[in-house]
Amino acid sequence: MAAIARSESKILARIDSSTTNLIDSIRDDMAKQETRLTDLEDGLNTYSDKTRRCNARIVGIKEGLENSGSQRPTDTIAKILQELLGLSFTPTQDRAHRSLRPPPNEGKPPRIIVVMFHYFREREEVFREAARSAPMTLHGKRVSIFPDYTAVVVKKRAAFSEAKRLLRSCQGVKFGIQFPVMLRITSSSGRDKRFEDPPVAMNYIRKNLKPLVNVQ
């Protein structure tokens, strides 16, 4: 009986050891798969950000106006932007379409128009003029123009809100968020610094730029 008991004990020990090794192997595989998935998601977000670099989102243009007349939507929206912003040129656009959701019911706000500019410099000029011309109206309705960022980029850019608030109180300091998510700061002495991490940016601002407001 003792021999049988010892044999059973050895078998159970082997089974326990094999099971533990199998679990450890599965955990290692899962960790590797999670890392690969994260890398794929990061790559997809980066690709999506790059494809949207020349895009803009236009809010407030009457539903169907882009399809009125004999012109293509790209031509119609380009002319609207030229007249609305007083541009000296007609923006070249590759695409112009409404957001992919059902048309709104009567009286509801129109869908957003997504525009892809052919030239990045023209997109930038449109944004500069939109900032100078705000608020803008077309046919009695307010029109706004925004960058076309992914949800991930919007969240990351929003993380710099407190840093930007501090910077607004720093005399002689210029700053801006560069595409897709990098805070560029130019001090009054002309020194350039770039940050991808909001806490690091906040620490630099407090220590070096003497903001006039306090942010927790």
# chains A, B, ... in the order shown; residues from 1 in each chain; ligands from 1

call {"tool": "residues_around", "arguments": {"residues": "segment 144-160 of chain A", "least_positions_apart": "3", "cutoff": "9 Å", "atoms": "only C-alpha atoms", "output": "PyMOL selection string"}}
result
chain A and resi 45+48-49+52-61+114-115+126-127+130-131+134-137+163-165+177+180-183+197-199+201-202

call {"tool": "write_last_selection", "arguments": {"atoms": "N, CA, C and O atoms", "output": "tab-separated table (two decimals), in the first residue's frame"}}
result
chain	number	residue	atom	x	y	z
A	45	ASN	N	-3.71	53.47	-35.34
A	45	ASN	CA	-3.98	54.86	-34.97
A	45	ASN	C	-3.04	55.81	-35.69
A	45	ASN	O	-3.46	56.88	-36.16
A	48	SER	N	-4.14	56.03	-39.25
A	48	SER	CA	-5.37	56.81	-39.35
A	48	SER	C	-5.09	58.30	-39.18
A	48	SER	O	-5.66	59.13	-39.88
A	49	ASP	N	-4.20	58.63	-38.23
A	49	ASP	CA	-3.84	60.03	-38.02
A	49	ASP	C	-3.21	60.63	-39.27
A	49	ASP	O	-3.53	61.76	-39.66
A	52	ARG	N	-5.62	61.45	-42.01
A	52	ARG	CA	-6.51	62.57	-41.70
A	52	ARG	C	-5.77	63.91	-41.65
A	52	ARG	O	-6.36	64.93	-41.34
A	53	ARG	N	-4.48	63.88	-41.90
A	53	ARG	CA	-3.66	65.08	-41.72
A	53	ARG	C	-4.16	66.26	-42.54
A	53	ARG	O	-4.05	67.42	-42.14
A	54	CYS	N	-4.70	65.99	-43.72
A	54	CYS	CA	-5.18	67.06	-44.59
A	54	CYS	C	-6.70	67.26	-44.48
A	54	CYS	O	-7.29	67.96	-45.32
A	55	ASN	N	-7.31	66.64	-43.47
A	55	ASN	CA	-8.77	66.72	-43.33
A	55	ASN	C	-9.22	67.89	-42.46
A	55	ASN	O	-8.46	68.44	-41.67
A	56	ALA	N	-10.49	68.23	-42.63
A	56	ALA	CA	-11.16	69.20	-41.76
A	56	ALA	C	-12.61	68.78	-41.61
A	56	ALA	O	-13.17	68.09	-42.47
A	57	ARG	N	-13.21	69.17	-40.48
A	57	ARG	CA	-14.63	68.89	-40.22
A	57	ARG	C	-15.36	70.22	-40.17
A	57	ARG	O	-14.99	71.11	-39.38
A	58	ILE	N	-16.39	70.35	-41.00
A	58	ILE	CA	-17.14	71.61	-41.08
A	58	ILE	C	-18.54	71.39	-40.49
A	58	ILE	O	-19.28	70.50	-40.91
A	59	VAL	N	-18.86	72.21	-39.52
A	59	VAL	CA	-20.13	72.09	-38.80
A	59	VAL	C	-21.02	73.28	-39.14
A	59	VAL	O	-20.56	74.43	-39.13
A	60	GLY	N	-22.29	73.01	-39.45
A	60	GLY	CA	-23.26	74.08	-39.60
A	60	GLY	C	-23.74	74.36	-41.01
A	60	GLY	O	-24.61	75.22	-41.20
A	61	ILE	N	-23.20	73.69	-42.02
A	61	ILE	CA	-23.64	73.93	-43.41
A	61	ILE	C	-24.94	73.17	-43.66
A	61	ILE	O	-25.05	71.97	-43.38
A	114	VAL	N	-17.02	66.29	-43.87
A	114	VAL	CA	-15.60	65.97	-43.77
A	114	VAL	C	-14.95	66.29	-45.11
A	114	VAL	O	-15.39	65.80	-46.15
A	115	VAL	N	-13.92	67.10	-45.06
A	115	VAL	CA	-13.23	67.55	-46.27
A	115	VAL	C	-11.78	67.08	-46.23
A	115	VAL	O	-11.12	67.16	-45.19
A	126	VAL	N	-6.74	77.75	-44.40
A	126	VAL	CA	-8.17	77.74	-44.06
A	126	VAL	C	-8.36	77.85	-42.55
A	126	VAL	O	-9.20	78.62	-42.07
A	127	PHE	N	-7.59	77.11	-41.78
A	127	PHE	CA	-7.71	77.17	-40.33
A	127	PHE	C	-7.27	78.52	-39.77
A	127	PHE	O	-7.88	79.04	-38.82
A	130	ALA	N	-10.08	80.89	-40.58
A	130	ALA	CA	-11.26	80.56	-39.77
A	130	ALA	C	-11.10	81.10	-38.35
A	130	ALA	O	-12.07	81.60	-37.76
A	131	ALA	N	-9.88	81.02	-37.81
A	131	ALA	CA	-9.63	81.55	-36.47
A	131	ALA	C	-9.80	83.08	-36.45
A	131	ALA	O	-10.35	83.65	-35.50
A	134	ALA	N	-13.77	83.97	-36.99
A	134	ALA	CA	-14.79	83.48	-36.04
A	134	ALA	C	-15.41	84.64	-35.26
A	134	ALA	O	-14.73	85.61	-34.92
A	135	PRO	N	-16.74	84.56	-34.99
A	135	PRO	CA	-17.66	83.51	-35.43
A	135	PRO	C	-18.13	83.75	-36.87
A	135	PRO	O	-18.25	84.89	-37.30
A	136	MET	N	-18.37	82.65	-37.59
A	136	MET	CA	-18.78	82.73	-38.99
A	136	MET	C	-20.23	82.26	-39.13
A	136	MET	O	-20.68	81.38	-38.39
A	137	THR	N	-20.94	82.86	-40.08
A	137	THR	CA	-22.33	82.44	-40.34
A	137	THR	C	-22.54	82.27	-41.84
A	137	THR	O	-21.92	82.96	-42.66
A	163	ALA	N	-1.72	72.59	-19.16
A	163	ALA	CA	-0.45	73.18	-19.55
A	163	ALA	C	-0.69	74.43	-20.40
A	163	ALA	O	-0.02	75.47	-20.23
A	164	LYS	N	-1.64	74.37	-21.31
A	164	LYS	CA	-1.96	75.52	-22.16
A	164	LYS	C	-2.52	76.67	-21.34
A	164	LYS	O	-2.22	77.84	-21.62
A	165	ARG	N	-3.28	76.34	-20.32
A	165	ARG	CA	-3.82	77.39	-19.45
A	165	ARG	C	-2.69	78.13	-18.73
A	165	ARG	O	-2.71	79.36	-18.61
A	177	ILE	N	-0.03	73.15	-30.27
A	177	ILE	CA	-0.01	71.70	-30.35
A	177	ILE	C	0.28	71.31	-31.79
A	177	ILE	O	-0.50	71.60	-32.70
A	180	PRO	N	0.74	65.02	-34.55
A	180	PRO	CA	-0.62	64.92	-34.05
A	180	PRO	C	-0.75	65.37	-32.59
A	180	PRO	O	-1.72	66.02	-32.24
A	181	VAL	N	0.25	65.05	-31.74
A	181	VAL	CA	0.16	65.43	-30.32
A	181	VAL	C	1.55	65.77	-29.79
A	181	VAL	O	2.25	64.91	-29.26
A	182	MET	N	1.95	67.01	-29.95
A	182	MET	CA	3.22	67.47	-29.38
A	182	MET	C	3.09	68.95	-29.05
A	182	MET	O	2.76	69.76	-29.91
A	183	LEU	N	3.33	69.28	-27.79
A	183	LEU	CA	3.26	70.67	-27.36
A	183	LEU	C	4.60	71.35	-27.63
A	183	LEU	O	5.63	70.94	-27.10
A	197	ASP	N	4.63	64.51	-23.21
A	197	ASP	CA	4.12	64.07	-21.91
A	197	ASP	C	3.61	65.30	-21.15
A	197	ASP	O	4.41	66.16	-20.76
A	198	PRO	N	2.30	65.43	-20.91
A	198	PRO	CA	1.75	66.60	-20.21
A	198	PRO	C	2.38	66.89	-18.84
A	198	PRO	O	2.71	68.05	-18.57
A	199	PRO	N	2.57	65.89	-17.95
A	199	PRO	CA	3.19	66.20	-16.65
A	199	PRO	C	4.60	66.78	-16.79
A	199	PRO	O	4.99	67.67	-16.03
A	201	ALA	N	5.67	68.54	-19.31
A	201	ALA	CA	5.48	69.91	-19.79
A	201	ALA	C	5.09	70.84	-18.64
A	201	ALA	O	5.61	71.96	-18.53
A	202	MET	N	4.18	70.38	-17.79
A	202	MET	CA	3.75	71.18	-16.64
A	202	MET	C	4.93	71.50	-15.73
A	202	MET	O	5.08	72.63	-15.24

call {"tool": "residues_around", "arguments": {"residues": "Asn203 of chain A", "least_positions_apart": "6", "cutoff": "12 Å", "atoms": "only C-alpha atoms", "output": "list in words"}}
result
Glu162, Ala163, Leu166, Leu167, Phe195, Asp197, Leu209, Lys210, Pro211, Val215 and Gln216 of chain A

call {"tool": "residues_around", "arguments": {"residues": "Leu100 of chain A", "least_positions_apart": "3", "cutoff": "9 Å", "atoms": "only C-alpha atoms", "output": "short mmCIF file (atom, residue, chain, number, x, y, z; two decimals) with C-alpha atoms, in the first residue's frame"}}
result
data_model
loop_
_atom_site.label_atom_id
_atom_site.label_comp_id
_atom_site.auth_asym_id
_atom_site.auth_seq_id
_atom_site.Cartn_x
_atom_site.Cartn_y
_atom_site.Cartn_z
CA HIS A 97 -18.85 64.23 -47.81
CA PRO A 103 -29.76 62.29 -42.60
CA ARG A 111 -24.47 66.39 -40.37
#

call {"tool": "select_by_dssp", "arguments": {"residues": "segment 15-208 of chain A", "states": "strand (DSSP E)", "output": "PyMOL selection string"}}
result
chain A and resi 55-59+93-98+113-117+136-138+141-147+174-178+182-186+192-195

call {"tool": "select_by_dssp", "arguments": {"residues": "segment 19-169 of chain A", "states": "helix (DSSP H, G or I)", "output": "count of residues only"}}
result
79

call {"tool": "closest_residue", "arguments": {"among": "A:Arg206, A:Thr19, A:Leu37, A:Leu81", "to": "Leu138 of chain A", "atoms": "only C-alpha atoms"}}
result
A:Leu81

call {"tool": "closest_residue", "arguments": {"among": "A:Ser169, A:Ile112, A:Gln82, A:Lys62", "to": "Gly140 of chain A", "atoms": "only C-alpha atoms"}}
result
A:Lys62

call {"tool": "residues_around", "arguments": {"residues": "Pro110 of chain A", "least_positions_apart": "3", "cutoff": "12 Å", "atoms": "only C-alpha atoms", "output": "PDB file with C-alpha atoms, in the first residue's frame"}}
result
ATOM      1  CA  ILE A  58     -17.139  71.611 -41.085  1.00  0.00           C
ATOM      2  CA  VAL A  59     -20.130  72.090 -38.803  1.00  0.00           C
ATOM      3  CA  GLY A  60     -23.264  74.077 -39.599  1.00  0.00           C
ATOM      4  CA  ILE A  61     -23.639  73.928 -43.407  1.00  0.00           C
ATOM      5  CA  LYS A  62     -27.238  73.306 -44.415  1.00  0.00           C
ATOM      6  CA  GLU A  63     -28.039  69.694 -45.244  1.00  0.00           C
ATOM      7  CA  GLY A  64     -27.952  69.062 -49.015  1.00  0.00           C
ATOM      8  CA  LEU A  65     -26.332  72.379 -49.913  1.00  0.00           C
ATOM      9  CA  GLU A  66     -23.210  70.592 -51.136  1.00  0.00           C
ATOM     10  CA  ARG A  98     -21.252  64.185 -44.889  1.00  0.00           C
ATOM     11  CA  SER A  99     -20.548  62.093 -41.799  1.00  0.00           C
ATOM     12  CA  ARG A 101     -24.974  58.547 -40.308  1.00  0.00           C
ATOM     13  CA  PRO A 102     -28.609  58.841 -41.423  1.00  0.00           C
ATOM     14  CA  PRO A 103     -29.764  62.285 -42.597  1.00  0.00           C
ATOM     15  CA  PRO A 104     -31.329  64.305 -39.731  1.00  0.00           C
ATOM     16  CA  ASN A 105     -35.032  64.922 -39.372  1.00  0.00           C
ATOM     17  CA  GLU A 106     -36.483  68.304 -40.252  1.00  0.00           C
ATOM     18  CA  GLY A 107     -35.319  70.981 -37.828  1.00  0.00           C
ATOM     19  CA  ILE A 113     -19.017  67.646 -43.582  1.00  0.00           C
ATOM     20  CA  LYS A 141     -26.472  79.631 -39.306  1.00  0.00           C
ATOM     21  CA  ARG A 142     -23.192  79.520 -37.422  1.00  0.00           C
ATOM     22  CA  VAL A 143     -20.410  77.607 -39.178  1.00  0.00           C
TER      23      VAL A 143
END

call {"tool": "closest_residue", "arguments": {"among": "A:Glu34, A:Pro109, A:His118, A:Gly69", "to": "Thr51 of chain A", "atoms": "only C-alpha atoms"}}
result
A:His118

call {"tool": "residues_around", "arguments": {"residues": "Asn67 of chain A", "least_positions_apart": "5", "cutoff": "10 Å", "atoms": "only C-alpha atoms", "output": "list in words"}}
result
Arg72, Pro73, Thr74, Asp75, Thr76, Ile77 and His97 of chain A

call {"tool": "write_last_selection", "arguments": {"atoms": "all heavy atoms", "output": "PDB file, in the first residue's frame"}}
result
ATOM      1  N   ARG A  72     -19.785  69.501 -58.368  1.00  0.00           N
ATOM      2  CA  ARG A  72     -19.521  68.402 -57.443  1.00  0.00           C
ATOM      3  C   ARG A  72     -19.451  68.947 -56.028  1.00  0.00           C
ATOM      4  O   ARG A  72     -19.158  70.133 -55.828  1.00  0.00           O
ATOM      5  CB  ARG A  72     -18.200  67.724 -57.801  1.00  0.00           C
ATOM      6  CG  ARG A  72     -18.152  67.081 -59.176  1.00  0.00           C
ATOM      7  CD  ARG A  72     -16.751  66.543 -59.461  1.00  0.00           C
ATOM      8  NE  ARG A  72     -15.748  67.601 -59.365  1.00  0.00           N
ATOM      9  CZ  ARG A  72     -14.437  67.383 -59.401  1.00  0.00           C
ATOM     10  NH1 ARG A  72     -13.964  66.150 -59.516  1.00  0.00           N
ATOM     11  NH2 ARG A  72     -13.592  68.406 -59.321  1.00  0.00           N
ATOM     12  N   PRO A  73     -19.700  68.102 -55.018  1.00  0.00           N
ATOM     13  CA  PRO A  73     -19.627  68.566 -53.626  1.00  0.00           C
ATOM     14  C   PRO A  73     -18.293  69.227 -53.293  1.00  0.00           C
ATOM     15  O   PRO A  73     -18.260  70.231 -52.572  1.00  0.00           O
ATOM     16  CB  PRO A  73     -19.836  67.283 -52.820  1.00  0.00           C
ATOM     17  CG  PRO A  73     -20.687  66.430 -53.703  1.00  0.00           C
ATOM     18  CD  PRO A  73     -20.209  66.724 -55.098  1.00  0.00           C
ATOM     19  N   THR A  74     -17.187  68.681 -53.828  1.00  0.00           N
ATOM     20  CA  THR A  74     -15.874  69.270 -53.531  1.00  0.00           C
ATOM     21  C   THR A  74     -15.795  70.712 -54.045  1.00  0.00           C
ATOM     22  O   THR A  74     -15.261  71.600 -53.363  1.00  0.00           O
ATOM     23  CB  THR A  74     -14.747  68.438 -54.172  1.00  0.00           C
ATOM     24  OG1 THR A  74     -15.064  68.186 -55.543  1.00  0.00           O
ATOM     25  CG2 THR A  74     -14.573  67.118 -53.442  1.00  0.00           C
ATOM     26  N   ASP A  75     -16.326  70.947 -55.239  1.00  0.00           N
ATOM     27  CA  ASP A  75     -16.288  72.295 -55.816  1.00  0.00           C
ATOM     28  C   ASP A  75     -17.191  73.251 -55.042  1.00  0.00           C
ATOM     29  O   ASP A  75     -16.831  74.411 -54.796  1.00  0.00           O
ATOM     30  CB  ASP A  75     -16.709  72.267 -57.288  1.00  0.00           C
ATOM     31  CG  ASP A  75     -15.757  71.444 -58.146  1.00  0.00           C
ATOM     32  OD1 ASP A  75     -14.559  71.386 -57.807  1.00  0.00           O
ATOM     33  OD2 ASP A  75     -16.212  70.830 -59.133  1.00  0.00           O
ATOM     34  N   THR A  76     -18.368  72.759 -54.646  1.00  0.00           N
ATOM     35  CA  THR A  76     -19.312  73.599 -53.906  1.00  0.00           C
ATOM     36  C   THR A  76     -18.743  74.009 -52.554  1.00  0.00           C
ATOM     37  O   THR A  76     -18.785  75.186 -52.174  1.00  0.00           O
ATOM     38  CB  THR A  76     -20.640  72.845 -53.690  1.00  0.00           C
ATOM     39  OG1 THR A  76     -21.190  72.484 -54.965  1.00  0.00           O
ATOM     40  CG2 THR A  76     -21.645  73.716 -52.950  1.00  0.00           C
ATOM     41  N   ILE A  77     -18.201  73.040 -51.816  1.00  0.00           N
ATOM     42  CA  ILE A  77     -17.643  73.340 -50.504  1.00  0.00           C
ATOM     43  C   ILE A  77     -16.422  74.251 -50.617  1.00  0.00           C
ATOM     44  O   ILE A  77     -16.212  75.154 -49.801  1.00  0.00           O
ATOM     45  CB  ILE A  77     -17.282  72.043 -49.757  1.00  0.00           C
ATOM     46  CG1 ILE A  77     -18.538  71.191 -49.532  1.00  0.00           C
ATOM     47  CG2 ILE A  77     -16.608  72.347 -48.429  1.00  0.00           C
ATOM     48  CD1 ILE A  77     -19.624  71.898 -48.738  1.00  0.00           C
ATOM     49  N   HIS A  97     -17.641  65.038 -48.035  1.00  0.00           N
ATOM     50  CA  HIS A  97     -18.850  64.227 -47.814  1.00  0.00           C
ATOM     51  C   HIS A  97     -19.378  64.425 -46.400  1.00  0.00           C
ATOM     52  O   HIS A  97     -18.650  64.853 -45.506  1.00  0.00           O
ATOM     53  CB  HIS A  97     -18.539  62.733 -48.044  1.00  0.00           C
ATOM     54  CG  HIS A  97     -17.500  62.193 -47.110  1.00  0.00           C
ATOM     55  ND1 HIS A  97     -17.789  61.766 -45.833  1.00  0.00           N
ATOM     56  CD2 HIS A  97     -16.160  62.016 -47.270  1.00  0.00           C
ATOM     57  CE1 HIS A  97     -16.683  61.352 -45.246  1.00  0.00           C
ATOM     58  NE2 HIS A  97     -15.671  61.492 -46.086  1.00  0.00           N
TER      59      HIS A  97
END

call {"tool": "closest_residue", "arguments": {"among": "A:Leu87, A:Phe175, A:Thr92, A:Ile80", "to": "His139 of chain A", "atoms": "only C-alpha atoms"}}
result
A:Ile80

call {"tool": "decode", "arguments": {"residues": "segment 144-209 of chain A", "atoms": "C-alpha atoms", "output": "compact mmCIF listing (two decimals), in the first residue's frame"}}
result
# COMPACT_ATOMS: atom_id res chain seq x y z
CA SER A 144 -17.34 76.17 -37.44
CA ILE A 145 -14.27 74.40 -38.80
CA PHE A 146 -12.31 71.83 -36.79
CA PRO A 147 -9.43 69.40 -37.39
CA ASP A 148 -10.46 65.82 -38.12
CA TYR A 149 -8.70 63.91 -35.34
CA THR A 150 -9.26 60.36 -34.12
CA ALA A 151 -10.77 59.89 -30.65
CA VAL A 152 -7.36 58.80 -29.35
CA VAL A 153 -5.67 61.99 -30.57
CA VAL A 154 -8.48 64.18 -29.22
CA LYS A 155 -8.04 62.64 -25.78
CA LYS A 156 -4.24 63.04 -25.87
CA ARG A 157 -4.46 66.66 -27.01
CA ALA A 158 -7.00 67.41 -24.29
CA ALA A 159 -4.46 66.20 -21.72
CA PHE A 160 -2.43 69.36 -22.45
CA SER A 161 -5.33 71.67 -21.47
CA GLU A 162 -3.90 72.59 -18.08
CA ALA A 163 -0.45 73.18 -19.55
CA LYS A 164 -1.96 75.52 -22.16
CA ARG A 165 -3.82 77.39 -19.45
CA LEU A 166 -0.55 77.99 -17.63
CA LEU A 167 1.18 79.07 -20.82
CA ARG A 168 -1.45 81.72 -21.56
CA SER A 169 -0.32 83.57 -18.43
CA CYS A 170 3.40 83.41 -19.32
CA GLN A 171 4.58 86.70 -20.77
CA GLY A 172 6.28 86.59 -24.15
CA VAL A 173 5.78 82.82 -24.55
CA LYS A 174 4.40 81.28 -27.74
CA PHE A 175 2.98 77.76 -27.88
CA GLY A 176 0.90 75.36 -29.93
CA ILE A 177 -0.01 71.70 -30.35
CA GLN A 178 1.77 70.24 -33.36
CA PHE A 179 0.35 67.32 -35.35
CA PRO A 180 -0.62 64.92 -34.05
CA VAL A 181 0.16 65.43 -30.32
CA MET A 182 3.22 67.47 -29.38
CA LEU A 183 3.26 70.67 -27.36
CA ARG A 184 5.77 73.16 -28.74
CA ILE A 185 6.82 76.02 -26.46
CA THR A 186 8.93 79.00 -27.50
CA SER A 187 10.13 81.05 -24.55
CA SER A 188 10.52 84.84 -24.59
CA SER A 189 14.24 84.31 -25.24
CA GLY A 190 13.47 82.22 -28.35
CA ARG A 191 14.29 78.82 -26.85
CA ASP A 192 12.23 75.97 -28.32
CA LYS A 193 11.04 72.98 -26.31
CA ARG A 194 8.74 70.12 -27.38
CA PHE A 195 6.76 67.79 -25.12
CA GLU A 196 4.72 64.64 -25.65
CA ASP A 197 4.12 64.07 -21.91
CA PRO A 198 1.75 66.60 -20.21
CA PRO A 199 3.19 66.20 -16.65
CA VAL A 200 6.72 66.81 -17.97
CA ALA A 201 5.48 69.91 -19.79
CA MET A 202 3.75 71.18 -16.64
CA ASN A 203 6.92 70.71 -14.61
CA TYR A 204 8.98 72.63 -17.19
CA ILE A 205 6.47 75.50 -17.32
CA ARG A 206 6.32 75.91 -13.53
CA LYS A 207 10.09 75.80 -13.12
CA ASN A 208 11.19 77.87 -16.10
CA LEU A 209 8.43 80.14 -17.39
